[in-house]
Structure formats: C-alpha cells, structure tokens
Amino acid sequence: MRPLEGVKVLDFSTLLPGPMATLILAEAGAEIIKVERPRRGDEMRSYVPKFGDDSVNFALLNRGKKSIEIDLKAPDSIARLRPLIQDADIVIEQFRPGVMDRLGFGYESLKVINPTIIYCAITGYGQSGPKADKAAHDLNYVAESGLLSLSAGNDGAPVLPPALIADIAGGTYPAVINILLALRVRDRSGTGSKLDIAMCDNLFTFLYWAMGNAAVAGQWPTPGGDLLTGGSPRYQIYRTKDDRFVAAAPLEEKFWENFCDVIELSDDLRDDAKDPAKTLKVIAEIIAENNASFWRSRFSDKDICCCIVATLDEALADPHFKSRSLFDHQLVGSTGKIAALPVPVANQFRSNTEESSPRLGANNELIDSKSEITT
C-alpha cells in the first residue's frame, strides 16, 4: 500500500508549481483530479514539443491523473463540483489572491461543504502583503529575494538560473511538505486548514548562510566575494583546455589537501587564506593545461569532491543514475514511450511503471452522468 492511497485531490492549478506538487502526491498513491477550463484546458497542453495531442511538458507533469473540464464562472459550477468537494481531502490552486473567492471556490466557501478539507493556495508573494497581487514569474521571485544578486558572470551581471527555482523549490516542495503536515494535523484534530504557500518567501531558506553572516558579522555577501559565490578557490568552476569545466568543491581541509596533491599545486599556495585570488588564478592555469578527460581520469579514484560538469545527455546516460532506477518509469503516449519525470518519492512508495497523462475532460462522468460541458 502506498502512503497516500485513498487520499483525493482536486487540482485547480496549471503550468508548473501546482501540477508538479500533485504529481508527487500521485506518485505516493493519491487520486488527482485536474479541474480544467473547457476546450483549452491547462495552458501547458498547448506548449511544444508535442507528445501526442498535448505538449511533452504537460504529459510529464500530469501522468497518472484524471481530468474534468468545467467553466468555473458558470452558475451551476459549484453544484456540479459539490460531490467532488465533499469527497476531497485536498484542494490545490495557484490563482492570484481573491480569484477563487470571487468564483465561489475559496476556502471559506469550501469548508462549509467539507469542514475537513485541506486547501493549499500557491502564489508568488502570498495571500497578503503589498506585493500579493503583483504579476511576476520565477525570475522575478529569484531577483526580489536577493538570491539572483549573488550569481554573476564575468561582466558582473546576474546569470539567468538554469532551473525554475522559485516554482519548484519555493512552490512545489513547500506545498507538498505542508500538505503532508496538514494531513497529520487533521488526523489528530479532525479539522482542515488553509495553506498559504508563497514562492518568493520560501527562497530565503536558501540564503541561510548569507543572512547569518549579515546578522552576526555585518557582512553582506557579494557575487565572487564569498565562499559559495566564487570568492574561494575551494568552491569554484575551472575551465579545461578543451573548454569543458571542472566543478571543484574541496571545502574541508582533507579534501583540499588531496586536491592540491592531484593538481600538484606548489606548497606556498596551499594556504589559500593568505592570498585566495592568487591561489585561484594559479589553479585555473593548471586546470587549463589539460582536457576534461585528463582531469576526469585524475579525479576518478581520489577523495576530493571534484568532477567534470556533465551535459544533460551525459547525465541521463550516467551508469550511476541508471543503477538507481531513476528513469525506469515510462510515460506512455499515443506516439510511444519516454522516460517519466523522476520525482523525490522513495522507490517503495512509487506508482506503476507505465502511466499516461489524461485527455482533456476524460473523466467528466465524475461530475455529470451525461458528461455535458458548460461553456
């Protein structure tokens, strides 16, 4: 038995944070019913490239779920969804604050129908505060939290993050964590709750060290000036002769000494506290003398916390990840099968090995015996 079997979720969310949260819940056994607008459904269905009728992005995030399509603005939408609301354990939405209230699907309305419901609202800036209604995307949240200011390129300008950090780390994961906590509270109290998940708020967790330095030592971190932002030769990216890169993180002294031995760094530079800039410069010159394959071989059997920066295709083909069964689950579509998106659910709790994403409105019998769609 998977941990969340028997748990029912109504998912009003679209795009990434909410759908990925419900994907994780589905992987642990929950039944997910996507509530989508008529004809178009989740906006991500229209993205490219396609995997069958819908985008591969949609398929990856929504495998194993059910779909109903309904116009939430229609006068009878509450009545049509009422049986599902009464039976639901969790509702997830990511509209701007107040939108669900105006539609009649806010927490105060739903808890009258189902007092034990757990209502999770994911937004950029939260349900309250001066920025609550501000339009923004992932990059804006990373920028306004101060996180982006600590990542700079050679010209000093911030570097675009290669991942949607706020959506996933600030939205998806905190939503799942707090939903599980709320389920535990409900087990004890028998009452539901409303969860206010603010993506921007949750990015400050990643700045624990920077906030600590500022509060205690009065030292605000700068890009290229601190241990984790490029100011140390012990936590650095070095270019190889063939324009690949070494990710070097020999922070602790034992790793640092091993690293220095491998690259044959002169003794006078090993105390990097004396002149970290000079040590860094010399290490960069040493690494640049040889190709990535040379350094990969030199690092392979050493205890030094160093590796070659992998391309995505190299990472997907890595024997280690394959041995972990990371890509064994299959996403099934009308055009074939691809590896399903791995999610952070332990193997013993995971779902079936082959699943597909739902056709828009495929499960409208759940709300209407005739599957009529209000337009």
# chains A, B, ... in the order shown; residues from 1 in each chain; ligands from 1
>>> select_by_dssp(residues="stretch 296-335 of chain A", states="alpha helix (DSSP H)", output="MDAnalysis selection string")
chainID A and resid 296:299 312:316 319:323
>>> residues_around(residues="A:Pro162", least_positions_apart="2", cutoff="12 Å", atoms="only C-alpha atoms", output="list in words")
Asp138, Leu139, Val142, Leu148, Ser151, Val159, Leu160, Leu164, Ile165, Ala166 and Leu312 of chain A
>>> residues_around(residues="A:Trp220", least_positions_apart="5", cutoff="8 Å", atoms="only C-alpha atoms", output="list of chain:residue names")
A:Ala210, A:Met211, A:Asn213, A:Ala214
>>> residues_around(residues="A:Leu84", least_positions_apart="5", cutoff="9 Å", atoms="only C-alpha atoms", output="PyMOL selection string")
chain A and resi 8+10+366-367
>>> residues_around(residues="stretch 181-188 of chain A", least_positions_apart="2", cutoff="10 Å", atoms="only C-alpha atoms", output="list in words")
Val7, Asp89, Ile90, Thr116, Ile117, Ile118, Tyr119, Cys120, Ala175, Val176, Ile177, Asn178, Ile179, Gly190, Thr191, Gly192, Ser193, Lys194 and Leu195 of chain A
>>> select_by_dssp(residues="stretch 145-298 of chain A", states="strand (DSSP E or B)", output="PyMOL selection string")
chain A and resi 152+158+193-198+236-239+245-248
>>> closest_residue(among="A:Ser145, A:Cys260, A:Arg234, A:Asp275", to="A:Leu207", atoms="only C-alpha atoms")
A:Ser145
>>> closest_residue(among="A:Thr22, A:Gln94, A:Thr222, A:Ser323", to="A:Arg63", atoms="only C-alpha atoms")
A:Thr22
>>> closest_residue(among="A:Pro250, A:Pro344, A:Gly52, A:Gly336", to="A:Ile304", atoms="only C-alpha atoms")
A:Pro250
>>> residues_around(residues="A:Leu280", least_positions_apart="5", cutoff="10 Å", atoms="only C-alpha atoms", output="list in words")
Gly230, Gly231, Ser232, Pro233, Arg234, Tyr235, Gln236, Tyr238, Leu269, Asp272, Asp275, Glu285 and Ile286 of chain A
>>> atom_distance(atom1="atom CA of A:Trp209", atom2="atom CA of A:Thr229")
11.3 Å
>>> closest_residue(among="A:Met199, A:Ala79, A:Leu147, A:Val246", to="A:Tyr125", atoms="only C-alpha atoms")
A:Met199
>>> atom_distance(atom1="atom CA of A:Pro38", atom2="atom CA of A:Tyr107")
23.2 Å
>>> closest_residue(among="A:Gly156, A:Pro130, A:Gly41, A:Gly146", to="A:Tyr208", atoms="only C-alpha atoms")
A:Gly146
>>> decode(residues="stretch 28-84 of chain A", atoms="C-alpha atoms", output="PDB file, in the first residue's frame")
ATOM      1  CA  ALA A  28       2.682   8.381  -3.493  1.00  0.00           C
ATOM      2  CA  GLY A  29      -0.776   6.996  -4.261  1.00  0.00           C
ATOM      3  CA  ALA A  30      -3.180   9.949  -4.164  1.00  0.00           C
ATOM      4  CA  GLU A  31      -6.014  10.253  -6.677  1.00  0.00           C
ATOM      5  CA  ILE A  32      -5.626  13.540  -8.564  1.00  0.00           C
ATOM      6  CA  ILE A  33      -8.495  15.140 -10.459  1.00  0.00           C
ATOM      7  CA  LYS A  34      -7.439  18.089 -12.605  1.00  0.00           C
ATOM      8  CA  VAL A  35     -10.111  20.757 -12.930  1.00  0.00           C
ATOM      9  CA  GLU A  36      -9.590  22.394 -16.331  1.00  0.00           C
ATOM     10  CA  ARG A  37     -11.297  25.066 -18.387  1.00  0.00           C
ATOM     11  CA  PRO A  38     -13.384  23.914 -21.370  1.00  0.00           C
ATOM     12  CA  ARG A  39     -11.757  23.335 -24.763  1.00  0.00           C
ATOM     13  CA  ARG A  40      -8.255  24.638 -23.877  1.00  0.00           C
ATOM     14  CA  GLY A  41      -7.603  23.073 -20.509  1.00  0.00           C
ATOM     15  CA  ASP A  42      -4.294  23.674 -18.765  1.00  0.00           C
ATOM     16  CA  GLU A  43      -2.318  26.208 -20.796  1.00  0.00           C
ATOM     17  CA  MET A  44       0.663  23.880 -20.798  1.00  0.00           C
ATOM     18  CA  ARG A  45      -1.227  21.451 -23.035  1.00  0.00           C
ATOM     19  CA  SER A  46      -0.563  23.837 -25.949  1.00  0.00           C
ATOM     20  CA  TYR A  47       3.208  24.060 -25.481  1.00  0.00           C
ATOM     21  CA  VAL A  48       5.727  22.425 -27.827  1.00  0.00           C
ATOM     22  CA  PRO A  49       7.214  19.971 -28.497  1.00  0.00           C
ATOM     23  CA  LYS A  50       4.181  17.723 -28.654  1.00  0.00           C
ATOM     24  CA  PHE A  51       3.928  14.219 -27.229  1.00  0.00           C
ATOM     25  CA  GLY A  52       0.754  13.020 -28.859  1.00  0.00           C
ATOM     26  CA  ASP A  53      -2.049  15.585 -28.669  1.00  0.00           C
ATOM     27  CA  ASP A  54      -0.548  17.597 -25.807  1.00  0.00           C
ATOM     28  CA  SER A  55       2.867  19.014 -25.022  1.00  0.00           C
ATOM     29  CA  VAL A  56       5.510  16.762 -23.538  1.00  0.00           C
ATOM     30  CA  ASN A  57       5.751  19.235 -20.633  1.00  0.00           C
ATOM     31  CA  PHE A  58       2.096  18.672 -19.809  1.00  0.00           C
ATOM     32  CA  ALA A  59       2.422  14.911 -20.191  1.00  0.00           C
ATOM     33  CA  LEU A  60       5.457  14.733 -17.899  1.00  0.00           C
ATOM     34  CA  LEU A  61       3.772  16.747 -15.139  1.00  0.00           C
ATOM     35  CA  ASN A  62       0.325  15.196 -15.303  1.00  0.00           C
ATOM     36  CA  ARG A  63       0.801  11.465 -15.759  1.00  0.00           C
ATOM     37  CA  GLY A  64      -1.478   9.249 -13.737  1.00  0.00           C
ATOM     38  CA  LYS A  65      -4.082  11.969 -13.134  1.00  0.00           C
ATOM     39  CA  LYS A  66      -7.731  12.373 -14.128  1.00  0.00           C
ATOM     40  CA  SER A  67      -9.202  15.373 -15.938  1.00  0.00           C
ATOM     41  CA  ILE A  68     -12.546  17.133 -15.898  1.00  0.00           C
ATOM     42  CA  GLU A  69     -13.336  20.283 -17.858  1.00  0.00           C
ATOM     43  CA  ILE A  70     -15.755  22.813 -16.457  1.00  0.00           C
ATOM     44  CA  ASP A  71     -16.366  26.551 -16.640  1.00  0.00           C
ATOM     45  CA  LEU A  72     -15.860  27.780 -13.081  1.00  0.00           C
ATOM     46  CA  LYS A  73     -17.684  31.019 -13.942  1.00  0.00           C
ATOM     47  CA  ALA A  74     -20.870  29.159 -14.850  1.00  0.00           C
ATOM     48  CA  PRO A  75     -23.738  29.493 -12.335  1.00  0.00           C
ATOM     49  CA  ASP A  76     -24.004  25.728 -11.840  1.00  0.00           C
ATOM     50  CA  SER A  77     -20.282  25.018 -11.407  1.00  0.00           C
ATOM     51  CA  ILE A  78     -20.494  24.778  -7.611  1.00  0.00           C
ATOM     52  CA  ALA A  79     -23.393  22.366  -7.816  1.00  0.00           C
ATOM     53  CA  ARG A  80     -21.616  20.206 -10.376  1.00  0.00           C
ATOM     54  CA  LEU A  81     -18.416  20.050  -8.365  1.00  0.00           C
ATOM     55  CA  ARG A  82     -20.090  19.736  -4.969  1.00  0.00           C
ATOM     56  CA  PRO A  83     -19.902  15.907  -4.809  1.00  0.00           C
ATOM     57  CA  LEU A  84     -16.170  16.006  -5.521  1.00  0.00           C
TER      58      LEU A  84
END
